[in-house]
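Here's the structure we're looking at; comments come further down.
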Amino acid sequence: MFKEKTYCGEIIMDGQSKEVSLAGWVDRKRDLGGIIFIELRDITGIVQVVFDSSKSAENAKIADAAKSEYIIYVKGTVRKRSADTINPNLPTGDIEVEAHYIEILNKSLVPPFPIDIRDNISEEVSLKFRYLDMRRVTLRDAIIKRHLLMQAIRKYLVENRFHEIETPFLNKSTPEGARDFIVPSRLSKGEFYALPQSPQLFKQILMVAGFDRYFQIVKCFRDEDLRNDRQPEFTQVDMELSFVTPDMIIEIIEGLLKIAVKEITGLDAATPFKRISYTEAMSKYGCDAPDTRTDVELVECSDIFRDSEFNVFKSALAKGGIIKGLAVQDNGRISRKMIDDYTAHVRVYGAKGFPMFKYNNGVLEGGISKFISEKEKNEIVQRFRLTGQALIFFSVDDENIVNNTLSHMRIKIAEDAGLLDRDKFCFLWVTEFPLFEYDQTNKRFQSKHHPFTAPVQGDIEKLGNMTIKNVDEIKSQAYDIVLNGTEIGGGSIRINTTELQSRIFSILGISEEEAREKFSFLLEALKYGAPPHGGIALGLDRILMILLKRNSIRDVIAFPKTQSGQCLMSNAPSGVTDEQLKELSIKVITK
RNA sequence: GGGGUGUUAGCUCAGUUGGUUAGAGUAUCUGCCUGUCACGCAGAGGGUCGCGAGUUCGAGUCUCGUACACCCCGCCA
């Protein structure tokens, strides 16, 4: 019976009328008394089925009994609609199926929300009734696009001589990076596996094993607080290559992302993508993942206000702070009220205020302009190359707060000023990251990327005299790919000698003993002819979210979790039986 | 760990200064209807105003606590 079934959305009129059999969900029903129209839906789309009571009263009666979301099986004749009954809003709107058989295969409760329209439903309801929301076009399309993207990526990578190889989920907990999800071991009581934050070590081992190009589309797990672009489990397009340079990897990824953009949006992305150094990104944009959909940039102004009489500037500079600013030609779009809101908002970034003034045809006025000397005003006009009309905002504090504040505010302000193009996709490579950063809280150096990242060749000799002050100067061979201000991937050339790897561990405060305990297999493997290698991982969920212009990563995941890590459909996580705990030798200490 | 917003009918939402019996659209149910396509028309049912305290003659509305969802900071690459 199902063998000859065709798909609703794929019925076309090719020549004369033909017989079809269909099975699907009742999307909508229009009962006009003597004639009943059912819009039948399956994964491909919708087709109108007609039941004429004058031809079969019995079929019409069954059709009448079929309610929203009932599953029906229909046989009928495909025919052209008359010109005046064509529905231009439906892809199959020029044909319909005249039914001569109908069977109700299963009933449905009244759905808690309408399936047939795009009306918003609350996310809570969506997550609880995920199987119903996935019947709706919006989510269904995202899931189908995700599938298409994954297939396109596989095809591309296989064509580029990559092997797809799986790596274990049950693995060892490693220091550094995010908090691990841990899994108790029954066979080794009191011991735990950790779910991978990424397949990092295993893919490097695969390089030593001689698989010179590896990839995997794989789940990764990080037990950290969630955001709209962060889930506890997420999917990476993970890859690693031997005998490779950063330029080669960048070229391969540009090819891959070009295909992704084409597959999802139909647009052609221009390659090569722009590249900037980490240092330039921090200076111009205040963050390492800048959104380049707007030209608004941060401008260093500390030197201009070196002798400022304005107390706010003076005291901040005296404490070793910096002053950066940004100028926007807002064409009157930004109101006094919005500026007040900005001032309140910057507090979340740790800023104490958000000083500003206006530039109007040669005159600096309003805001803090009365505290600024003529000389300083002239320098501001020159530094920002002001013409016409503009608003100039400043942040003054220690460097981290200034960059944090302005990197966020430049986007908000540019958007409010109409200077951010929402329809653009702006890719950007960020390169030359520092190898380490100093962790003020724990008073130690840590890897900016991860401990297996290779330093730039010429900087290896500087490792010996690294201090908190010059830690920035030692660069790594790491690169991040950014799309519209979101990091969608990152990678590096790896260390491939035991000597250098051990040295990096020791700088990170990982003792020889600990290194042996955690990574002995890697250190050992590096001794057996480890090829030069490097790789990258792309965040599949984020790429989809941005290309599909969805607000959240959850909108491109079939079964996502809430911000508190709950699955509202299955109610995970949940307790386990005492028996299970006993088997694992685990005791739960209730808070 | 911290800040913000929200929670009213199955769903989406309105609800004024604290004041009579808490509304709308949609969905559902019943009846009518042979070319609809968000079909139409007539009627009906549907509420622990998230939960718990408090203030008050009186609380959907004010206060406090709490739960959940979302956004953000910290955290996370």
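Each chain of the structure tokens is named A, B, ... in the order shown, its residues numbered from 1; ligands are numbered from 1 in display order.
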Can you pull out every residue within 12 Å of B:C33, counting only C-alpha atoms (C1' of nucleotides), but drop anything in the same chain fewer than 6 positions away, and send it as number ranges by chain?
A: 30-36; B: 39-42
Selected residues written out with C-alpha atoms (C1' of nucleotides), as a CSV table (one decimal), in the first residue's frame:
chain,number,residue,atom,x,y,z
A,30,ARG,CA,-12.3,23.3,4.3
A,31,ASP,CA,-15.7,21.7,4.5
A,32,LEU,CA,-18.2,23.4,2.3
A,33,GLY,CA,-20.9,20.9,2.9
A,34,GLY,CA,-21.2,19.0,-0.4
A,35,ILE,CA,-17.5,19.4,-1.2
A,36,ILE,CA,-14.5,19.1,1.2
B,39,C,C1',-13.6,29.4,3.2
B,40,G,C1',-18.1,31.6,5.1
B,41,C,C1',-22.5,32.0,8.4
B,42,A,C1',-25.1,31.0,13.3
All residues 12 Å or closer to B:U56, only C-alpha atoms (C1' of nucleotides), same chain fewer than 5 positions away omitted, as a PDB file with C-alpha atoms (C1' of nucleotides), in the first residue's frame:
ATOM      1  C1'   G B  18      -6.306  48.549  43.295  1.00  0.00           C
ATOM      2  C1'   G B  19     -13.099  48.361  42.585  1.00  0.00           C
ATOM      3  C1'   C B  62       1.005  46.961  44.886  1.00  0.00           C
ATOM      4  C1'   U B  63       5.218  44.479  48.117  1.00  0.00           C
TER       5        U B  63
END
Test item: residues at most 8 Å from stretch 20-27 of chain B, only C-alpha atoms (C1' of nucleotides), excluding those fewer than 3 positions along its chain, as a PyMOL selection string
(chain A and resi 113-114) or (chain B and resi 10-12+14-15+60)
Excluding A:Asn89 and any residue of its chain fewer than 5 positions from it, enumerate the residues within 12 Å of it, using only C-alpha atoms (C1' of nucleotides), and give them as a PDB file with C-alpha atoms (C1' of nucleotides), in the first residue's frame.
ATOM      1  CA  ILE A  46       1.258  20.382   0.663  1.00  0.00           C
ATOM      2  CA  VAL A  47      -1.262  19.340  -1.959  1.00  0.00           C
ATOM      3  CA  ASP A  94      -2.125  24.684 -10.121  1.00  0.00           C
TER       4      ASP A  94
ATOM      5  C1'   C B  37      -7.686  27.941  -0.265  1.00  0.00           C
ATOM      6  C1'   A B  38      -6.383  31.962   6.834  1.00  0.00           C
TER       7        A B  38
END
Could you pull the residues within 12 Å of B:U30, counting only C-alpha atoms (C1' of nucleotides), minus those fewer than 3 positions along the same chain, as a ChimeraX atom specification?
/B:42-45
Residues just named, written with all heavy atoms as a PDB file, in the first residue's frame:
ATOM      1  P     A B  42     -22.624  35.485  11.775  1.00  0.00           P
ATOM      2  OP1   A B  42     -23.209  36.823  12.041  1.00  0.00           O
ATOM      3  OP2   A B  42     -21.218  35.217  12.138  1.00  0.00           O
ATOM      4  O5'   A B  42     -23.534  34.374  12.465  1.00  0.00           O
ATOM      5  C5'   A B  42     -24.937  34.410  12.304  1.00  0.00           C
ATOM      6  C4'   A B  42     -25.577  33.237  13.002  1.00  0.00           C
ATOM      7  O4'   A B  42     -25.148  32.010  12.352  1.00  0.00           O
ATOM      8  C3'   A B  42     -25.149  33.038  14.452  1.00  0.00           C
ATOM      9  O3'   A B  42     -25.833  33.899  15.344  1.00  0.00           O
ATOM     10  C2'   A B  42     -25.489  31.568  14.660  1.00  0.00           C
ATOM     11  O2'   A B  42     -26.887  31.379  14.845  1.00  0.00           O
ATOM     12  C1'   A B  42     -25.080  30.975  13.315  1.00  0.00           C
ATOM     13  N9    A B  42     -23.694  30.468  13.365  1.00  0.00           N
ATOM     14  C8    A B  42     -22.538  31.075  12.936  1.00  0.00           C
ATOM     15  N7    A B  42     -21.453  30.352  13.136  1.00  0.00           N
ATOM     16  C5    A B  42     -21.944  29.200  13.739  1.00  0.00           C
ATOM     17  C6    A B  42     -21.299  28.025  14.217  1.00  0.00           C
ATOM     18  N6    A B  42     -19.996  27.825  14.140  1.00  0.00           N
ATOM     19  N1    A B  42     -22.069  27.069  14.771  1.00  0.00           N
ATOM     20  C2    A B  42     -23.391  27.272  14.842  1.00  0.00           C
ATOM     21  N3    A B  42     -24.110  28.322  14.441  1.00  0.00           N
ATOM     22  C4    A B  42     -23.324  29.256  13.887  1.00  0.00           C
ATOM     23  P     G B  43     -25.126  34.370  16.706  1.00  0.00           P
ATOM     24  OP1   G B  43     -26.100  35.232  17.425  1.00  0.00           O
ATOM     25  OP2   G B  43     -23.780  34.883  16.378  1.00  0.00           O
ATOM     26  O5'   G B  43     -24.924  33.011  17.520  1.00  0.00           O
ATOM     27  C5'   G B  43     -25.925  32.564  18.398  1.00  0.00           C
ATOM     28  C4'   G B  43     -25.727  31.127  18.789  1.00  0.00           C
ATOM     29  O4'   G B  43     -25.137  30.378  17.686  1.00  0.00           O
ATOM     30  C3'   G B  43     -24.755  30.847  19.927  1.00  0.00           C
ATOM     31  O3'   G B  43     -25.274  31.171  21.195  1.00  0.00           O
ATOM     32  C2'   G B  43     -24.533  29.353  19.741  1.00  0.00           C
ATOM     33  O2'   G B  43     -25.653  28.601  20.173  1.00  0.00           O
ATOM     34  C1'   G B  43     -24.434  29.261  18.211  1.00  0.00           C
ATOM     35  N9    G B  43     -23.025  29.329  17.792  1.00  0.00           N
ATOM     36  C8    G B  43     -22.361  30.356  17.152  1.00  0.00           C
ATOM     37  N7    G B  43     -21.103  30.096  16.938  1.00  0.00           N
ATOM     38  C5    G B  43     -20.917  28.817  17.473  1.00  0.00           C
ATOM     39  C6    G B  43     -19.754  28.000  17.549  1.00  0.00           C
ATOM     40  O6    G B  43     -18.620  28.238  17.137  1.00  0.00           O
ATOM     41  N1    G B  43     -20.013  26.790  18.172  1.00  0.00           N
ATOM     42  C2    G B  43     -21.234  26.413  18.673  1.00  0.00           C
ATOM     43  N2    G B  43     -21.297  25.213  19.246  1.00  0.00           N
ATOM     44  N3    G B  43     -22.322  27.160  18.618  1.00  0.00           N
ATOM     45  C4    G B  43     -22.093  28.336  18.002  1.00  0.00           C
ATOM     46  P     A B  44     -24.301  31.642  22.382  1.00  0.00           P
ATOM     47  OP1   A B  44     -25.119  32.142  23.507  1.00  0.00           O
ATOM     48  OP2   A B  44     -23.244  32.483  21.801  1.00  0.00           O
ATOM     49  O5'   A B  44     -23.655  30.254  22.819  1.00  0.00           O
ATOM     50  C5'   A B  44     -24.479  29.223  23.345  1.00  0.00           C
ATOM     51  C4'   A B  44     -23.683  27.964  23.536  1.00  0.00           C
ATOM     52  O4'   A B  44     -23.072  27.580  22.286  1.00  0.00           O
ATOM     53  C3'   A B  44     -22.501  28.077  24.501  1.00  0.00           C
ATOM     54  O3'   A B  44     -22.902  27.970  25.857  1.00  0.00           O
ATOM     55  C2'   A B  44     -21.634  26.908  24.051  1.00  0.00           C
ATOM     56  O2'   A B  44     -22.146  25.679  24.533  1.00  0.00           O
ATOM     57  C1'   A B  44     -21.821  26.956  22.531  1.00  0.00           C
ATOM     58  N9    A B  44     -20.764  27.729  21.863  1.00  0.00           N
ATOM     59  C8    A B  44     -20.849  28.993  21.341  1.00  0.00           C
ATOM     60  N7    A B  44     -19.732  29.418  20.786  1.00  0.00           N
ATOM     61  C5    A B  44     -18.860  28.361  20.962  1.00  0.00           C
ATOM     62  C6    A B  44     -17.522  28.171  20.595  1.00  0.00           C
ATOM     63  N6    A B  44     -16.795  29.087  19.946  1.00  0.00           N
ATOM     64  N1    A B  44     -16.931  26.991  20.921  1.00  0.00           N
ATOM     65  C2    A B  44     -17.659  26.068  21.560  1.00  0.00           C
ATOM     66  N3    A B  44     -18.934  26.127  21.954  1.00  0.00           N
ATOM     67  C4    A B  44     -19.480  27.310  21.619  1.00  0.00           C
ATOM     68  P     G B  45     -22.059  28.737  26.997  1.00  0.00           P
ATOM     69  OP1   G B  45     -22.896  28.768  28.229  1.00  0.00           O
ATOM     70  OP2   G B  45     -21.510  29.994  26.452  1.00  0.00           O
ATOM     71  O5'   G B  45     -20.852  27.729  27.252  1.00  0.00           O
ATOM     72  C5'   G B  45     -21.105  26.419  27.763  1.00  0.00           C
ATOM     73  C4'   G B  45     -19.919  25.543  27.498  1.00  0.00           C
ATOM     74  O4'   G B  45     -19.583  25.595  26.083  1.00  0.00           O
ATOM     75  C3'   G B  45     -18.616  25.979  28.184  1.00  0.00           C
ATOM     76  O3'   G B  45     -18.539  25.538  29.527  1.00  0.00           O
ATOM     77  C2'   G B  45     -17.565  25.326  27.296  1.00  0.00           C
ATOM     78  O2'   G B  45     -17.448  23.939  27.569  1.00  0.00           O
ATOM     79  C1'   G B  45     -18.190  25.524  25.910  1.00  0.00           C
ATOM     80  N9    G B  45     -17.700  26.757  25.278  1.00  0.00           N
ATOM     81  C8    G B  45     -18.367  27.954  25.121  1.00  0.00           C
ATOM     82  N7    G B  45     -17.653  28.862  24.507  1.00  0.00           N
ATOM     83  C5    G B  45     -16.451  28.219  24.240  1.00  0.00           C
ATOM     84  C6    G B  45     -15.287  28.694  23.587  1.00  0.00           C
ATOM     85  O6    G B  45     -15.077  29.807  23.100  1.00  0.00           O
ATOM     86  N1    G B  45     -14.297  27.718  23.546  1.00  0.00           N
ATOM     87  C2    G B  45     -14.417  26.451  24.055  1.00  0.00           C
ATOM     88  N2    G B  45     -13.365  25.653  23.927  1.00  0.00           N
ATOM     89  N3    G B  45     -15.506  26.000  24.658  1.00  0.00           N
ATOM     90  C4    G B  45     -16.466  26.924  24.709  1.00  0.00           C
TER      91        G B  45
END
Write down as a PyMOL selection string the residues belonging to stretch 113-275 of chain A that are assigned helix (DSSP H, G or I) by DSSP computed on the backbone.
chain A and resi 123-128+130-133+137-159+200-208+246-265
Enumerate as a ChimeraX atom specification all residues of stretch 410-508 of chain A assigned to strand (DSSP E or B) by DSSP on the backbone, naming them with the chain letters and numbers the document uses.
/A:427-431,434,436-439,444-447,453,455,475-476,478-483,486-494
